[in-house]
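K.L.:
Provided herewith is a single structure, encoded as structure tokens, for subsequent inquiry.
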Amino acid sequence: MIYKAQRGTFDILPENETIWERVRKICLDTVKLYGYNYIETPIFEDSEVFKRTVGQNTDIVEKEMYTFLDKGGQSISLRPENTAGVCRAFIERGLHNRTLPIRLFYYGTMFRYERPQSGRFRQFHQFGIECIGDNDYEIDYEIIEIGWKIITNLGIKNSKLNINSLGDNNDRLEYIKVLKQYFENYKNDLPKVDQLRLENAPLRLLDSKEKNTIEIAKNAPKTLDYLSEEAKSHHTNLIQKLEMLNKIDENFKFVENHKLVRGLDYYNRTVFEFTTDSSGPQGVILGGGRYDPLIEILGGPVTPAVGFAMGIERIINEINNKEDDFSNQIDVVIVITENIFREESQSLANNLRKNKIKTIIAPNKSVKAQMRYANNVNSKSVIFIGENELKNNSITLKLLNSSEDQKTFSNDNIEKIKQLLRI
RNA sequence: GUGGGCGUGGUGUAGUGGUUAACACGACCGGCUGUGACCCGGUAGAUCGAGGGUUCGAUCCCCUCCGCCCACCCCA
């Protein structure tokens, strides 16, 4: 084999269509009920759009972006996520002049240069929603509730919400300072990876998987203790709402996870993740949070916003994707006894298709082979055209999944065909 | 970037240091000169991931590379 799909990419084949379409439909149907509207942004943007928002020092920007110079010498990046693009469009297209908050959703391909493994690809699909222009905790709740609704509608069990608050910018800076001081005391006990983190991304020390670090992190200061009054009440109000949701729907489970920090720089206040226990290390199927500073960072007016992104591949992995089947079942395969009847079969085929009957003309082979073909493509029926039929202006129809006799009738009796096929 | 497992027809698997690499499914053709799916028979399809080494001889042993999968990292 000479040509192969690039590492971390894959093909969606006909038998996968059903599940992919279903997931997409459930996502869209659910958020539309909440008044969200479709937005589609380009797959590539000025690299700065991501550097400024996702964060210069994040892994995503530092080593995972597909960045290149285009023929005009401009630095372009394939989008590693879609929030930045949506915000860019929000500013550029003047959406901030509309009635706020504005509710948007997207569905599309993202790109990250990573080593692939289960639930992780270089080209992958994300569905996400953004509610821009309202800083009320009620919106945080709405976003989480929608996430939960989608997960439920998809039939995914055993998911759990992890939630935390990072506070506002000043809270966060203060917290990082305190956290750094705390870990400095144990610097020599930290493994090398984490000594580096201490310098570059101290927040990440909290969810380190190194034994020593976990031990030390147990007594580390918590973000919640460094929140401003406002951020704190925002958080406690949200938690109350979640407790109410839990009372209404006992399947909804959540924990406050003080170690949840998330890797994108633009988050403030609420951050959350839905995880499942069955999907292993890539257990996060949906994650998001509030990103109030982002739009200003991109040069827009100060505008608060919340949103989440969902990994479609992980979702599909989760709902046993045993559903492979051909939803596009063929209704009729036309079999002709001699090639000279081909003209006839073509005009019949077009007439059938005009009547929304899915039709294929069998390949130019023996009758036996044509029948096998009809069977292999899982057609509902076969229509024969031969000398006798031509003479009488009739067709012979045989249902393939039953042992019923075949029926011969007038070749313009579409209603009869539909009736026999139960269309 | 680091570590572990694995690379044999289209797919899933056997197998052995020695002349035609096996089996099942799938595909194709025929048994049925106008009828599939069942049954029976046949045909095609693999330089055993690539390169090098050891050997009289390598698909098998050794090395390198490449690819896939998994884990770390990070994230959806």
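Labels used: A, B, ... for chains in the order of the structure tokens, numbers from 1 for residues in each chain, and numbers from 1 for ligands as shown.
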Which residues of chain A have any atom within 6 Å of an atom in chain B when counting only C-alpha atoms (C1' of nucleotides), and what is the closest pair of atoms for each, with the distance in Å to one decimal? Order the rows by chain and rising number and write it as JSON lines.
P.N.:
```
{"residue": "A:Ile285", "atom": "CA", "partner": "B:A76", "partner_atom": "C1'", "distance": 5.9}
{"residue": "A:Met310", "atom": "CA", "partner": "B:A76", "partner_atom": "C1'", "distance": 5.3}
{"residue": "A:Gly311", "atom": "CA", "partner": "B:A76", "partner_atom": "C1'", "distance": 3.9}
{"residue": "A:Met371", "atom": "CA", "partner": "B:G36", "partner_atom": "C1'", "distance": 4.5}
{"residue": "A:Arg372", "atom": "CA", "partner": "B:G36", "partner_atom": "C1'", "distance": 4.9}
{"residue": "A:Asn375", "atom": "CA", "partner": "B:G36", "partner_atom": "C1'", "distance": 5.7}
```
K.L.:
Keeping only all heavy atoms, write those residues as a PDB file, in the first residue's frame.
P.N.:
```pdb
ATOM      1  N   ILE A 285     -15.326  14.054  27.873  1.00  0.00           N
ATOM      2  CA  ILE A 285     -16.070  14.065  26.613  1.00  0.00           C
ATOM      3  C   ILE A 285     -16.600  15.451  26.286  1.00  0.00           C
ATOM      4  O   ILE A 285     -16.922  15.729  25.148  1.00  0.00           O
ATOM      5  CB  ILE A 285     -17.244  13.059  26.643  1.00  0.00           C
ATOM      6  CG1 ILE A 285     -18.126  13.289  27.859  1.00  0.00           C
ATOM      7  CG2 ILE A 285     -16.708  11.646  26.636  1.00  0.00           C
ATOM      8  CD1 ILE A 285     -19.357  12.415  27.863  1.00  0.00           C
ATOM      9  N   MET A 310     -17.359  19.798  22.724  1.00  0.00           N
ATOM     10  CA  MET A 310     -17.575  18.369  22.932  1.00  0.00           C
ATOM     11  C   MET A 310     -16.800  17.607  21.868  1.00  0.00           C
ATOM     12  O   MET A 310     -16.770  18.022  20.714  1.00  0.00           O
ATOM     13  CB  MET A 310     -19.071  18.116  22.785  1.00  0.00           C
ATOM     14  CG  MET A 310     -19.536  16.782  23.190  1.00  0.00           C
ATOM     15  SD  MET A 310     -21.335  16.730  23.018  1.00  0.00           S
ATOM     16  CE  MET A 310     -21.431  15.952  21.437  1.00  0.00           C
ATOM     17  N   GLY A 311     -16.157  16.504  22.246  1.00  0.00           N
ATOM     18  CA  GLY A 311     -15.378  15.708  21.293  1.00  0.00           C
ATOM     19  C   GLY A 311     -16.241  14.633  20.665  1.00  0.00           C
ATOM     20  O   GLY A 311     -16.636  13.674  21.324  1.00  0.00           O
ATOM     21  N   MET A 371     -28.132 -10.818  -9.809  1.00  0.00           N
ATOM     22  CA  MET A 371     -28.907 -11.156  -8.617  1.00  0.00           C
ATOM     23  C   MET A 371     -28.030 -11.140  -7.369  1.00  0.00           C
ATOM     24  O   MET A 371     -28.420 -10.640  -6.332  1.00  0.00           O
ATOM     25  CB  MET A 371     -29.541 -12.538  -8.777  1.00  0.00           C
ATOM     26  CG  MET A 371     -30.707 -12.590  -9.711  1.00  0.00           C
ATOM     27  SD  MET A 371     -32.042 -11.507  -9.177  1.00  0.00           S
ATOM     28  CE  MET A 371     -32.533 -12.290  -7.635  1.00  0.00           C
ATOM     29  N   ARG A 372     -26.858 -11.710  -7.510  1.00  0.00           N
ATOM     30  CA  ARG A 372     -25.937 -11.701  -6.375  1.00  0.00           C
ATOM     31  C   ARG A 372     -25.624 -10.276  -5.956  1.00  0.00           C
ATOM     32  O   ARG A 372     -25.560  -9.941  -4.788  1.00  0.00           O
ATOM     33  CB  ARG A 372     -24.634 -12.397  -6.753  1.00  0.00           C
ATOM     34  CG  ARG A 372     -24.679 -13.890  -6.589  1.00  0.00           C
ATOM     35  CD  ARG A 372     -23.294 -14.467  -6.772  1.00  0.00           C
ATOM     36  NE  ARG A 372     -23.364 -15.921  -6.690  1.00  0.00           N
ATOM     37  CZ  ARG A 372     -22.596 -16.743  -7.374  1.00  0.00           C
ATOM     38  NH1 ARG A 372     -21.686 -16.246  -8.220  1.00  0.00           N
ATOM     39  NH2 ARG A 372     -22.702 -18.033  -7.229  1.00  0.00           N
ATOM     40  N   ASN A 375     -28.364  -8.754  -4.025  1.00  0.00           N
ATOM     41  CA  ASN A 375     -28.371  -9.289  -2.668  1.00  0.00           C
ATOM     42  C   ASN A 375     -27.268  -8.658  -1.827  1.00  0.00           C
ATOM     43  O   ASN A 375     -27.467  -8.314  -0.670  1.00  0.00           O
ATOM     44  CB  ASN A 375     -28.194 -10.804  -2.736  1.00  0.00           C
ATOM     45  CG  ASN A 375     -28.572 -11.450  -1.433  1.00  0.00           C
ATOM     46  OD1 ASN A 375     -29.689 -11.275  -0.969  1.00  0.00           O
ATOM     47  ND2 ASN A 375     -27.624 -12.144  -0.834  1.00  0.00           N
TER      48      ASN A 375
END
```
K.L.:
Give me the residues within 12 Å of Glu229 in chain A as a list of chain:residue names, counting only C-alpha atoms (C1' of nucleotides) and dropping any in the same chain fewer than 6 places off.
P.N.:
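Counting only the stated atoms, we get A:Gly167, A:Asp168, A:Asp171, A:His235, A:Thr236, A:Arg269.
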K.L.:
Just the number, please: distance in Å from C1' of G3 in chain B to CA of Gln117 in chain A, one decimal.
P.N.:
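Rounded to one decimal, the two atoms are 14.0 Å apart.
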K.L.:
So that I can check the surroundings of Cys87 in chain A, please list as a PyMOL selection string every protein, DNA and RNA residue that reaches within 9 Å of it, counting only C-alpha atoms (C1' of nucleotides) and ignoring chain neighbours fewer than 3 positions away.
P.N.:
chain A and resi 82-84+90-92+132+294-295+298+300
K.L.:
So which residues of range 266-350 of chain A fall under helix (DSSP H, G or I) by DSSP, listed as an MDAnalysis selection string?
P.N.:
chainID A and resid 280:282 294:297 312:318 339:350
K.L.:
Could you write out the selected residues, including N, CA and C atoms, as a short mmCIF file (atom, residue, chain, number, x, y, z; two decimals), in the first residue's frame?
P.N.:
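The result, written out as again-v3.cif:
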```cif
data_model
loop_
_atom_site.label_atom_id
_atom_site.label_comp_id
_atom_site.auth_asym_id
_atom_site.auth_seq_id
_atom_site.Cartn_x
_atom_site.Cartn_y
_atom_site.Cartn_z
N GLY A 280 -11.68 5.55 29.83
CA GLY A 280 -10.24 5.52 30.09
C GLY A 280 -9.62 6.89 30.25
N PRO A 281 -8.36 6.98 29.87
CA PRO A 281 -7.60 8.18 30.16
C PRO A 281 -8.13 9.42 29.46
N GLN A 282 -8.75 9.22 28.32
CA GLN A 282 -9.32 10.37 27.63
C GLN A 282 -10.77 10.54 28.04
N LEU A 294 -11.82 37.20 27.00
CA LEU A 294 -11.34 36.83 25.67
C LEU A 294 -11.64 37.84 24.58
N ILE A 295 -12.86 38.32 24.56
CA ILE A 295 -13.26 39.21 23.47
C ILE A 295 -12.50 40.53 23.53
N GLU A 296 -12.26 40.98 24.73
CA GLU A 296 -11.46 42.19 24.87
C GLU A 296 -10.03 41.95 24.40
N ILE A 297 -9.50 40.81 24.73
CA ILE A 297 -8.14 40.46 24.30
C ILE A 297 -8.03 40.54 22.79
N ILE A 312 -16.53 14.78 19.38
CA ILE A 312 -17.45 13.85 18.73
C ILE A 312 -16.89 12.43 18.68
N GLU A 313 -15.60 12.30 18.38
CA GLU A 313 -15.01 10.97 18.33
C GLU A 313 -15.15 10.25 19.67
N ARG A 314 -14.95 10.99 20.74
CA ARG A 314 -15.07 10.38 22.07
C ARG A 314 -16.50 9.99 22.37
N ILE A 315 -17.43 10.82 21.91
CA ILE A 315 -18.85 10.52 22.10
C ILE A 315 -19.20 9.22 21.37
N ILE A 316 -18.76 9.14 20.13
CA ILE A 316 -19.09 7.97 19.32
C ILE A 316 -18.45 6.72 19.90
N ASN A 317 -17.26 6.91 20.44
CA ASN A 317 -16.58 5.83 21.11
C ASN A 317 -17.41 5.33 22.30
N GLU A 318 -18.06 6.27 22.92
CA GLU A 318 -18.78 6.01 24.15
C GLU A 318 -20.08 5.25 23.90
N ASN A 339 -28.08 -7.27 -22.63
CA ASN A 339 -27.59 -5.90 -22.55
C ASN A 339 -28.36 -4.95 -23.46
N ILE A 340 -29.07 -5.51 -24.46
CA ILE A 340 -29.82 -4.64 -25.37
C ILE A 340 -30.99 -3.96 -24.69
N PHE A 341 -31.32 -4.40 -23.47
CA PHE A 341 -32.43 -3.78 -22.75
C PHE A 341 -31.97 -2.65 -21.84
N ARG A 342 -30.71 -2.27 -21.99
CA ARG A 342 -30.14 -1.26 -21.09
C ARG A 342 -30.88 0.08 -21.17
N GLU A 343 -31.20 0.49 -22.40
CA GLU A 343 -31.95 1.74 -22.57
C GLU A 343 -33.22 1.71 -21.74
N GLU A 344 -33.93 0.59 -21.85
CA GLU A 344 -35.18 0.42 -21.10
C GLU A 344 -34.94 0.58 -19.62
N SER A 345 -33.87 -0.08 -19.13
CA SER A 345 -33.63 -0.06 -17.69
C SER A 345 -33.30 1.35 -17.24
N GLN A 346 -32.61 2.10 -18.09
CA GLN A 346 -32.26 3.45 -17.69
C GLN A 346 -33.48 4.36 -17.60
N SER A 347 -34.38 4.23 -18.55
CA SER A 347 -35.55 5.12 -18.45
C SER A 347 -36.44 4.69 -17.29
N LEU A 348 -36.52 3.38 -17.04
CA LEU A 348 -37.29 2.94 -15.87
C LEU A 348 -36.66 3.48 -14.58
N ALA A 349 -35.33 3.36 -14.51
CA ALA A 349 -34.62 3.82 -13.31
C ALA A 349 -34.91 5.29 -13.05
N ASN A 350 -34.85 6.09 -14.10
CA ASN A 350 -35.10 7.51 -13.91
C ASN A 350 -36.53 7.79 -13.48
#
```
K.L.:
Of the residues A:Ile139, A:Ile216, A:Val382, A:Val367, which is the one nearest to Leu238 in chain A, using only C-alpha atoms?
P.N.:
A:Ile139
K.L.:
Using only C-alpha atoms, which residue out of A:Ile146, A:Ala231, A:Ile43, A:Ala217 lies closest to Met110 in chain A?
P.N.:
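Nearest candidate to Met110 in chain A out of A:Ile146, A:Ala231, A:Ile43, A:Ala217: A:Ile43.
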K.L.:
Need the shell around C65 in chain B: protein/DNA/RNA residues with any atom at most 12 Å away, counting only C-alpha atoms (C1' of nucleotides). Skip same-chain ones fewer than 3 positions apart. Format as an NGL selection string?
P.N.:
:B and (49-52)
K.L.:
Got a sec: who's within 12 Å of U13 in chain B, counting only C-alpha atoms (C1' of nucleotides), leaving out chain neighbours fewer than 5 positions off, as a VMD selection string?
P.N.:
chain B and resid 8 22 to 25
K.L.:
Please identify all polymer residues within 9 Å of range 65-69 of chain A, counting only C-alpha atoms (C1' of nucleotides), omitting same-chain residues fewer than 6 positions from it, and present them as a count of residues only.
P.N.:
12
K.L.:
Enumerate as number ranges by chain all residues of range 149-398 of chain A assigned to strand (DSSP E or B) by DSSP on the backbone, naming them with the chain letters and numbers the document uses.
P.N.:
A: 159-165, 254-256, 268-276, 284-290, 305-311, 332-336, 359-361, 381-385, 394-398
K.L.:
For Arg172 in chain A, which residue out of A:Leu227, A:Ile330, A:Ala220, A:Ile151 is the nearest one, using only C-alpha atoms?
P.N.:
A:Leu227
